[in-house]
file input16.txt (compact mmCIF, C-alpha atoms)
# COMPACT_ATOMS: atom_id res chain seq x y z
CA MET A 109 -11.40 22.22 -0.64
CA PHE A 110 -14.28 23.42 1.53
CA GLU A 111 -14.94 26.48 -0.65
CA ALA A 112 -15.50 24.08 -3.54
CA VAL A 113 -17.90 22.04 -1.40
CA GLU A 114 -19.97 25.11 -0.53
CA GLU A 115 -20.37 25.81 -4.27
CA LEU A 116 -21.47 22.22 -4.85
CA LEU A 117 -24.03 22.52 -2.05
CA VAL A 118 -25.56 25.54 -3.78
CA GLU A 119 -25.68 23.59 -7.06
CA HIS A 120 -27.25 20.59 -5.28
CA ALA A 121 -29.99 22.77 -3.77
CA ASP A 122 -30.67 24.38 -7.15
CA LEU A 123 -30.95 20.97 -8.83
CA GLU A 124 -33.38 19.83 -6.13
CA LYS A 125 -35.65 22.79 -6.89
CA ARG A 126 -35.45 22.25 -10.66
CA LEU A 127 -36.24 18.54 -10.41
CA ALA A 128 -39.29 19.36 -8.29
CA ASP A 129 -40.64 21.46 -11.18
CA PRO A 130 -42.98 19.27 -13.33
CA SER A 131 -42.17 21.28 -16.46
CA VAL A 132 -38.54 20.09 -16.34
CA HIS A 133 -39.69 16.50 -16.89
CA ALA A 134 -41.30 17.39 -20.21
CA ASP A 135 -37.79 16.97 -21.65
CA GLN A 136 -36.84 13.48 -20.47
CA GLY A 137 -33.28 13.78 -21.72
CA GLN A 138 -32.66 16.97 -19.77
CA ALA A 139 -34.41 15.54 -16.71
CA ARG A 140 -32.14 12.46 -16.75
CA LYS A 141 -29.09 14.69 -17.05
CA LEU A 142 -30.16 16.80 -14.06
CA ALA A 143 -31.04 13.70 -12.01
CA LYS A 144 -27.66 12.16 -12.76
CA ARG A 145 -25.81 15.28 -11.58
CA TYR A 146 -28.05 15.45 -8.48
CA ALA A 147 -27.16 11.84 -7.64
CA GLU A 148 -23.44 12.64 -8.04
CA LEU A 149 -23.64 15.59 -5.62
CA THR A 150 -25.86 13.94 -2.99
CA PRO A 151 -23.05 11.88 -1.31
CA ILE A 152 -20.86 15.00 -1.16
CA THR A 153 -23.67 17.02 0.41
CA ARG A 154 -24.48 14.29 2.92
CA THR A 155 -20.85 13.79 3.93
CA TYR A 156 -20.16 17.52 4.26
CA ARG A 157 -23.14 17.96 6.56
CA SER A 158 -21.91 15.07 8.71
CA TRP A 159 -18.44 16.68 8.73
CA LYS A 160 -19.87 19.99 9.98
CA GLN A 161 -21.93 18.17 12.62
CA ALA A 162 -18.80 16.34 13.80
CA GLY A 163 -17.10 19.72 14.25
CA GLU A 164 -19.97 20.94 16.40
CA ASP A 165 -19.83 17.72 18.43
CA ILE A 166 -16.11 18.29 19.08
CA GLU A 167 -16.73 21.81 20.39
CA ALA A 168 -19.55 20.63 22.65
CA ALA A 169 -17.48 17.74 24.01
CA ARG A 170 -14.52 20.06 24.72
CA GLU A 171 -16.71 22.42 26.70
CA LEU A 172 -18.02 19.53 28.77
CA ALA A 173 -14.52 18.06 29.20
CA ALA A 174 -13.31 21.38 30.64
CA GLU A 175 -15.64 20.75 33.57
CA ASP A 176 -15.61 16.94 33.62
CA SER A 177 -12.60 14.88 32.39
CA ASP A 178 -14.92 11.93 31.70
CA PHE A 179 -15.84 13.68 28.45
CA LEU A 180 -12.23 13.57 27.11
CA ALA A 181 -12.94 10.19 25.51
CA GLU A 182 -15.90 11.71 23.67
CA VAL A 183 -13.62 14.47 22.33
CA LYS A 184 -11.20 11.90 20.92
CA ASP A 185 -14.03 9.89 19.34
CA SER A 186 -15.49 12.99 17.69
CA GLU A 187 -12.06 14.08 16.40
CA ALA A 188 -11.43 10.63 14.95
CA ARG A 189 -14.85 10.68 13.29
CA ARG A 190 -14.15 14.07 11.75
CA GLU A 191 -10.80 12.88 10.36
CA GLU A 192 -12.59 9.94 8.74
CA LEU A 193 -15.17 12.26 7.21
CA THR A 194 -12.44 14.64 5.98
CA GLU A 195 -10.74 11.78 4.13
CA GLU A 196 -14.07 10.56 2.76
CA LEU A 197 -14.86 14.06 1.52
CA ARG A 198 -11.47 14.35 -0.20
CA LEU A 199 -12.13 11.09 -2.05
CA LEU A 200 -15.61 12.22 -3.09
CA LEU A 201 -14.13 15.42 -4.55
CA VAL A 202 -11.63 13.54 -6.75
CA PRO A 203 -12.71 14.06 -10.40
CA ARG A 204 -14.83 11.14 -11.56
CA ASP A 205 -14.38 9.18 -14.76
CA PRO A 206 -17.12 10.56 -17.07
CA ASN A 207 -17.73 7.04 -18.38
CA ASP A 208 -18.40 5.49 -14.96
CA ASP A 209 -22.16 5.25 -15.52
CA LYS A 210 -21.84 3.67 -18.96
CA ASP A 211 -22.64 0.09 -19.88
CA VAL A 212 -19.79 -1.90 -21.44
CA ILE A 213 -18.85 -4.40 -24.09
CA LEU A 214 -16.50 -6.96 -22.59
CA GLU A 215 -14.42 -9.20 -24.86
CA VAL A 216 -12.47 -12.29 -23.86
CA LYS A 217 -9.90 -13.74 -26.26
CA ALA A 218 -7.84 -16.90 -25.99
CA GLY A 219 -4.11 -16.25 -26.05
CA GLU A 220 -1.04 -18.30 -25.27
CA GLY A 221 -1.74 -21.95 -24.56
CA GLY A 222 -3.92 -23.15 -27.43
CA GLU A 223 -6.97 -25.19 -26.40
CA GLU A 224 -6.23 -24.73 -22.69
CA SER A 225 -6.28 -20.94 -23.20
CA ALA A 226 -9.68 -21.23 -24.91
CA LEU A 227 -11.01 -23.23 -21.95
CA PHE A 228 -9.69 -20.57 -19.56
CA ALA A 229 -11.36 -17.86 -21.69
CA GLY A 230 -14.60 -19.77 -21.12
CA ASP A 231 -13.94 -19.79 -17.36
CA LEU A 232 -13.42 -16.01 -17.41
CA LEU A 233 -16.63 -15.49 -19.36
CA ARG A 234 -18.60 -17.53 -16.84
CA MET A 235 -16.94 -15.58 -14.00
CA TYR A 236 -18.11 -12.26 -15.45
CA LEU A 237 -21.60 -13.58 -16.21
CA ARG A 238 -21.95 -14.83 -12.62
CA PHE A 239 -20.61 -11.54 -11.23
CA ALA A 240 -23.13 -9.60 -13.33
CA GLU A 241 -25.90 -11.87 -12.05
CA ARG A 242 -24.83 -11.27 -8.44
CA VAL A 243 -24.93 -7.48 -8.74
CA GLY A 244 -28.13 -7.42 -10.79
CA TRP A 245 -26.79 -6.49 -14.24
CA LYS A 246 -28.09 -7.77 -17.57
CA THR A 247 -25.81 -9.59 -20.00
CA GLU A 248 -26.11 -10.35 -23.70
CA ILE A 249 -23.61 -12.40 -25.69
CA ILE A 250 -23.12 -10.45 -28.92
CA ASP A 251 -20.65 -12.70 -30.72
CA SER A 252 -18.72 -15.88 -29.94
CA ASN A 253 -16.31 -18.29 -31.56
CA GLU A 254 -16.18 -21.59 -29.68
CA SER A 255 -13.24 -23.98 -29.57
CA ASP A 256 -13.34 -27.74 -30.16
CA LEU A 257 -13.42 -28.61 -26.43
CA GLY A 258 -16.12 -26.13 -25.43
CA GLY A 259 -13.99 -23.09 -24.63
CA TYR A 260 -13.93 -19.81 -26.53
CA LYS A 261 -11.42 -18.52 -29.05
CA ASP A 262 -13.12 -15.17 -28.57
CA VAL A 263 -16.43 -13.93 -27.20
CA SER A 264 -18.06 -10.51 -26.83
CA VAL A 265 -20.73 -9.77 -24.23
CA ALA A 266 -22.71 -6.60 -23.51
CA VAL A 267 -23.13 -5.85 -19.80
CA LYS A 268 -25.85 -3.38 -18.77
CA THR A 269 -27.42 -2.01 -15.61
CA LYS A 270 -31.14 -2.46 -15.04
CA GLY A 271 -31.68 1.17 -14.04
CA ASN A 272 -30.06 4.15 -12.33
CA THR A 273 -27.07 3.32 -10.12
CA GLU A 274 -25.26 5.02 -7.28
CA PRO A 275 -22.15 6.98 -8.34
CA GLY A 276 -19.23 4.57 -8.67
CA ALA A 277 -21.49 1.52 -8.95
CA GLY A 278 -22.01 1.57 -12.73
CA VAL A 279 -20.79 -1.20 -15.03
CA TRP A 280 -17.78 0.70 -16.41
CA ALA A 281 -16.90 2.01 -12.93
CA ARG A 282 -16.45 -1.59 -11.73
CA LEU A 283 -15.35 -3.54 -14.81
CA LYS A 284 -12.92 -1.06 -16.39
CA TYR A 285 -10.09 -2.56 -14.33
CA GLU A 286 -10.53 -6.01 -15.92
CA GLY A 287 -8.85 -5.07 -19.21
CA GLY A 288 -5.49 -6.81 -19.68
CA VAL A 289 -3.87 -10.22 -19.82
CA HIS A 290 -5.11 -12.81 -17.31
CA ARG A 291 -2.75 -15.71 -16.60
CA VAL A 292 -3.78 -19.17 -15.39
CA GLN A 293 -1.64 -21.86 -13.77
CA ARG A 294 -3.23 -25.32 -13.60
CA VAL A 295 -3.18 -28.88 -14.94
CA PRO A 296 -4.99 -28.65 -18.29
CA ALA A 297 -7.74 -31.06 -19.26
CA THR A 298 -5.51 -32.00 -22.20
CA GLU A 299 -2.52 -32.90 -19.95
CA SER A 300 -2.10 -36.65 -19.40
CA GLN A 301 0.89 -36.54 -17.00
CA GLY A 302 -0.51 -34.11 -14.43
CA ARG A 303 1.94 -31.29 -15.13
CA ILE A 304 1.01 -27.69 -14.32
CA HIS A 305 0.89 -25.44 -17.39
CA THR A 306 0.72 -21.67 -17.70
CA SER A 307 -1.47 -20.06 -20.33
CA ALA A 308 -3.24 -16.73 -20.75
CA ALA A 309 -6.35 -15.04 -22.09
CA GLY A 310 -6.92 -11.38 -22.88
CA VAL A 311 -9.82 -9.23 -21.68
CA LEU A 312 -10.83 -5.97 -23.34
CA VAL A 313 -13.47 -3.73 -21.74
CA THR A 314 -14.85 -0.70 -23.57
CA PRO A 315 -17.71 1.64 -22.62
CA GLU A 316 -20.63 1.05 -24.96
CA ALA A 317 -21.03 4.08 -27.19
CA GLU A 318 -24.30 5.66 -28.24
CA GLU A 319 -24.66 6.46 -31.92
CA VAL A 320 -24.50 10.19 -31.17
CA GLU A 321 -21.12 9.83 -29.44
CA VAL A 322 -19.21 8.42 -32.39
CA GLU A 323 -19.55 9.76 -35.92
CA ILE A 324 -19.05 7.02 -38.51
CA HIS A 325 -19.24 7.77 -42.23
CA ALA A 326 -20.47 5.02 -44.53
CA ASN A 327 -17.61 5.74 -46.95
CA ASP A 328 -15.12 4.92 -44.19
CA LEU A 329 -16.41 1.36 -43.82
CA ARG A 330 -15.56 -1.84 -45.66
CA ILE A 331 -18.18 -4.51 -45.02
CA ASP A 332 -17.40 -8.15 -45.80
CA VAL A 333 -19.84 -11.03 -45.49
CA TYR A 334 -18.96 -14.69 -45.09
CA ARG A 335 -20.32 -17.96 -43.75
CA SER A 336 -20.20 -18.33 -39.98
CA SER A 337 -18.07 -21.14 -38.59
CA GLY A 338 -18.13 -23.30 -35.48
CA PRO A 339 -15.66 -25.54 -33.60
CA GLY A 340 -13.03 -27.03 -35.88
CA GLY A 341 -13.71 -24.41 -38.52
CA GLN A 342 -16.77 -26.18 -39.90
CA SER A 343 -19.43 -24.08 -41.56
CA VAL A 344 -22.56 -23.74 -39.46
CA ASN A 345 -24.53 -21.68 -41.96
CA THR A 346 -25.28 -22.20 -45.63
CA THR A 347 -25.65 -18.46 -46.30
CA ASP A 348 -23.24 -15.55 -46.02
CA SER A 349 -24.76 -14.15 -42.82
CA ALA A 350 -21.58 -13.39 -40.84
CA VAL A 351 -20.38 -9.78 -41.10
CA ARG A 352 -16.95 -8.18 -40.69
CA ILE A 353 -16.74 -4.37 -40.66
CA THR A 354 -13.43 -2.54 -41.10
CA HIS A 355 -13.13 1.15 -40.22
CA LEU A 356 -10.67 2.22 -42.91
CA PRO A 357 -9.24 5.40 -41.29
CA THR A 358 -8.21 3.55 -38.11
CA GLY A 359 -8.01 -0.08 -39.26
CA ILE A 360 -10.28 -1.13 -36.36
CA VAL A 361 -12.24 -4.30 -37.17
CA ALA A 362 -15.43 -5.70 -35.64
CA SER A 363 -17.25 -8.86 -36.64
CA CYS A 364 -20.30 -10.86 -35.65
CA GLN A 365 -21.65 -14.25 -36.68
CA ASN A 366 -23.99 -15.21 -33.82
CA GLU A 367 -27.27 -13.99 -35.32
CA LYS A 368 -29.14 -15.79 -38.09
CA SER A 369 -29.52 -12.82 -40.40
CA GLN A 370 -26.90 -10.65 -42.04
CA LEU A 371 -28.73 -7.49 -40.92
CA GLN A 372 -28.73 -8.52 -37.26
CA ASN A 373 -25.03 -9.42 -37.41
CA LYS A 374 -24.27 -6.06 -39.02
CA GLU A 375 -26.11 -4.21 -36.22
CA GLN A 376 -24.21 -6.12 -33.53
CA ALA A 377 -20.86 -5.60 -35.28
CA MET A 378 -21.61 -1.84 -35.45
CA ARG A 379 -22.22 -1.83 -31.66
CA ILE A 380 -18.78 -3.32 -31.12
CA LEU A 381 -17.17 -0.98 -33.64
CA ARG A 382 -18.68 2.15 -32.05
CA SER A 383 -17.40 1.13 -28.63
CA ARG A 384 -13.90 0.38 -29.95
CA LEU A 385 -13.75 3.72 -31.76
CA LEU A 386 -14.89 5.57 -28.64
CA ALA A 387 -12.27 3.76 -26.56
CA ALA A 388 -9.56 4.56 -29.12
CA ALA A 389 -10.50 8.25 -29.11
CA GLN A 390 -10.45 8.38 -25.32
CA GLU A 391 -7.09 6.61 -25.13
CA GLU A 392 -5.66 9.16 -27.55
CA ALA A 393 -6.98 11.96 -25.33
CA GLU A 394 -5.42 10.30 -22.28
CA ARG A 395 -2.05 10.09 -24.02
CA GLU A 396 -2.20 13.82 -24.63
CA ALA A 397 -3.22 14.56 -21.04
CA SER A 398 -0.73 15.22 -18.26
CA ASP A 399 0.50 12.29 -16.15
CA ALA A 400 -1.18 13.78 -13.09
CA ARG A 401 -4.58 13.14 -14.64
CA ARG A 402 -3.94 9.48 -15.31
CA SER A 403 -4.70 6.64 -12.94
CA GLN A 404 -1.78 4.39 -12.05
CA VAL A 405 -4.09 1.42 -12.40
CA ARG A 406 -5.48 2.41 -15.79
CA THR A 407 -2.12 3.27 -17.36
CA VAL A 408 -0.83 -0.30 -17.05
CA ASP A 409 -0.17 -1.47 -20.60
CA ARG A 410 -2.70 -4.05 -21.75
CA SER A 411 0.09 -6.36 -22.86
CA GLU A 412 1.18 -6.79 -19.24
CA ARG A 413 -0.26 -9.58 -17.13
CA ILE A 414 -2.57 -8.00 -14.62
CA ARG A 415 -3.73 -11.06 -12.71
CA THR A 416 -2.80 -14.70 -12.04
CA TYR A 417 -5.23 -17.52 -11.28
CA ASN A 418 -3.33 -20.33 -9.56
CA PHE A 419 -5.51 -23.45 -9.32
CA PRO A 420 -3.17 -25.73 -7.29
CA GLU A 421 -3.04 -23.13 -4.48
CA ASN A 422 -6.63 -21.87 -5.03
CA ARG A 423 -4.99 -18.42 -5.18
CA ILE A 424 -5.77 -15.26 -7.12
CA SER A 425 -3.23 -12.40 -7.32
CA ASP A 426 -3.63 -8.95 -8.84
CA HIS A 427 -0.18 -7.71 -9.85
CA ARG A 428 -1.16 -4.02 -10.04
CA THR A 429 -2.46 -3.64 -6.50
CA GLY A 430 -0.76 -6.50 -4.62
CA PHE A 431 -4.14 -8.04 -3.78
CA LYS A 432 -3.98 -11.76 -2.99
CA SER A 433 -6.54 -14.23 -1.66
CA TYR A 434 -7.01 -17.98 -1.49
CA ASN A 435 -10.62 -18.27 -2.62
CA LEU A 436 -10.11 -18.70 -6.37
CA ASP A 437 -13.04 -21.11 -6.61
CA GLN A 438 -15.38 -18.45 -5.20
CA VAL A 439 -13.93 -15.72 -7.44
CA LEU A 440 -14.51 -17.85 -10.54
CA ASP A 441 -18.09 -18.26 -9.33
CA GLY A 442 -18.52 -14.50 -9.56
CA ASP A 443 -17.30 -13.31 -6.14
CA LEU A 444 -15.19 -10.55 -7.69
CA ASN A 445 -16.00 -7.61 -5.43
CA ALA A 446 -12.87 -7.75 -3.23
CA VAL A 447 -10.56 -8.04 -6.25
CA ILE A 448 -12.21 -5.14 -8.05
CA GLN A 449 -12.34 -3.02 -4.89
CA SER A 450 -8.55 -3.28 -4.54
CA CYS A 451 -8.28 -1.66 -7.99
CA VAL A 452 -10.88 0.99 -7.16
CA ASP A 453 -9.02 1.90 -3.97
CA ALA A 454 -5.63 2.04 -5.71
CA ASP A 455 -7.08 4.21 -8.47
CA ALA A 456 -8.69 6.60 -5.97
CA ALA A 457 -5.47 6.86 -3.96
CA ALA A 458 -3.48 7.69 -7.08
CA LYS A 459 -5.98 10.36 -8.17
CA LEU A 460 -6.06 11.85 -4.67
CA ALA A 461 -2.25 12.03 -4.56
CA ALA A 462 -2.20 13.71 -7.97
CA ALA A 463 -4.87 16.22 -6.89
CA GLN A 464 -2.93 17.10 -3.73
CA GLU A 465 0.25 17.65 -5.76
CA ASN A 466 -1.60 20.18 -7.88
call {"tool": "encode", "arguments": {"input": "input16.txt", "output": "structure tokens"}}
result
Amino acid sequence: MFEAVEELLVEHADLEKRLADPSVHADQGQARKLAKRYAELTPITRTYRSWKQAGEDIEAARELAAEDSDFLAEVKDSEARREELTEELRLLLVPRDPNDDKDVILEVKAGEGGEESALFAGDLLRMYLRFAERVGWKTEIIDSNESDLGGYKDVSVAVKTKGNTEPGAGVWARLKYEGGVHRVQRVPATESQGRIHTSAAGVLVTPEAEEVEVEIHANDLRIDVYRSSGPGGQSVNTTDSAVRITHLPTGIVASCQNEKSQLQNKEQAMRILRSRLLAAAQEEAEREASDARRSQVRTVDRSERIRTYNFPENRISDHRTGFKSYNLDQVLDGDLNAVIQSCVDADAAAKLAAAQEN
């Protein structure tokens, strides 16, 4: 492990020199690429230096303890600190998800439960919008289909960072664990006898693809236009401005009706389609990869219920990690960090175990 770290330190020093050269910044694309790699290696470099310093502190404390037993406590403290740094270094060396720094398109779809499911889908959307606001991300609703009571049959939102982020703090790095079926247990607004009902909504999170990442041929697309609709199915537009795009080779469909013009809706639908195609290609690559390279968290089938929101008990439970807390009201107001961190930690532990097996 430490031989690999020494190589990374050399690379880090080389990147530092290159980034200090003004000529490198003439090519902004290359400069961003180098800066991104430098940012990835900086925590490893910093932790390794602290690890080496802890080793020196242990040796110094042992020498002093040989003459004065009062220094034995300092030896134990330094050894404990070095163990912590060793574990931290192992985690930093676990291969990162190459998409972690990407922005995402997050989709919420009503599922079982009819109108109550659509209302819950609206609650989930607000939860993610509030979470994004808390961490300083930008959001943009790309497409939405509202229900009669103010919920959402389906809604797509782009979530973006406002600049460079620390490794592991990007939008995909945090929100990729949200994909799956979310179950709610509560008394619906439509329930007159106060009975608790169970319904569900689905969440799909895909890294937003750049045009250069996904090659789409015009001949592979079928583009249909139609009039956009609102709650109850009523037409909300007198022109055929809504757009549905079908990628014929894969059958993947993306649609948009939020914008006023057909051209704008087509551009938004293409954003969604590119992200779905990228996600499909990556999932196919994962299926072909060995099990040791897959995260236990990420391989949970999307059809499985990943989380339950129990309103009577104010409880939220993540079924993949065993996380449970009784602050559902705060979570729905965007306080998602603890829930997401349980998934991050479980994912890191699984990757670390797989790396050690190899």
call {"tool": "atom_distance", "arguments": {"input": "input16.txt", "atom1": "atom CA of A:Ser186", "atom2": "atom CA of A:Ile166"}}
result
5.5 Å
call {"tool": "residues_around", "arguments": {"input": "input16.txt", "residues": "A:Asp328", "least_positions_apart": "6", "cutoff": "8 Å", "atoms": "only C-alpha atoms", "output": "VMD selection string"}}
result
chain A and resid 355 to 357
call {"tool": "closest_residue", "arguments": {"input": "input16.txt", "among": "A:Ile414, A:Leu329, A:Leu117, A:Ala139", "to": "A:Lys374", "atoms": "all atoms listed in the file"}}
result
A:Leu329
call {"tool": "residues_around", "arguments": {"input": "input16.txt", "residues": "stretch 440-447 of chain A", "least_positions_apart": "2", "cutoff": "8 Å", "atoms": "only C-alpha atoms", "output": "short mmCIF file (atom, residue, chain, number, x, y, z; two decimals) with C-alpha atoms, in the coordinates of the input"}}
result
data_model
loop_
_atom_site.label_atom_id
_atom_site.label_comp_id
_atom_site.auth_asym_id
_atom_site.auth_seq_id
_atom_site.Cartn_x
_atom_site.Cartn_y
_atom_site.Cartn_z
CA ASP A 231 -13.94 -19.79 -17.36
CA LEU A 232 -13.42 -16.01 -17.41
CA ARG A 234 -18.60 -17.53 -16.84
CA MET A 235 -16.94 -15.58 -14.00
CA TYR A 236 -18.11 -12.26 -15.45
CA LEU A 237 -21.60 -13.58 -16.21
CA ARG A 238 -21.95 -14.83 -12.62
CA PHE A 239 -20.61 -11.54 -11.23
CA ALA A 240 -23.13 -9.60 -13.33
CA ARG A 242 -24.83 -11.27 -8.44
CA ASP A 426 -3.63 -8.95 -8.84
CA PHE A 431 -4.14 -8.04 -3.78
CA LEU A 436 -10.11 -18.70 -6.37
CA ASP A 437 -13.04 -21.11 -6.61
CA GLN A 438 -15.38 -18.45 -5.20
CA GLN A 449 -12.34 -3.02 -4.89
CA SER A 450 -8.55 -3.28 -4.54
CA CYS A 451 -8.28 -1.66 -7.99
#
call {"tool": "atom_distance", "arguments": {"input": "input16.txt", "atom1": "atom CA of A:Gly288", "atom2": "atom CA of A:Ala377"}}
result
21.9 Å
call {"tool": "residues_around", "arguments": {"input": "input16.txt", "residues": "stretch 189-203 of chain A", "least_positions_apart": "6", "cutoff": "8 Å", "atoms": "all atoms listed in the file", "output": "list of chain:residue names"}}
result
A:Met109, A:Pro151, A:Ile152, A:Thr155, A:Tyr156, A:Ser158, A:Trp159, A:Ala162, A:Gly163, A:Ala456, A:Lys459, A:Leu460, A:Ala463
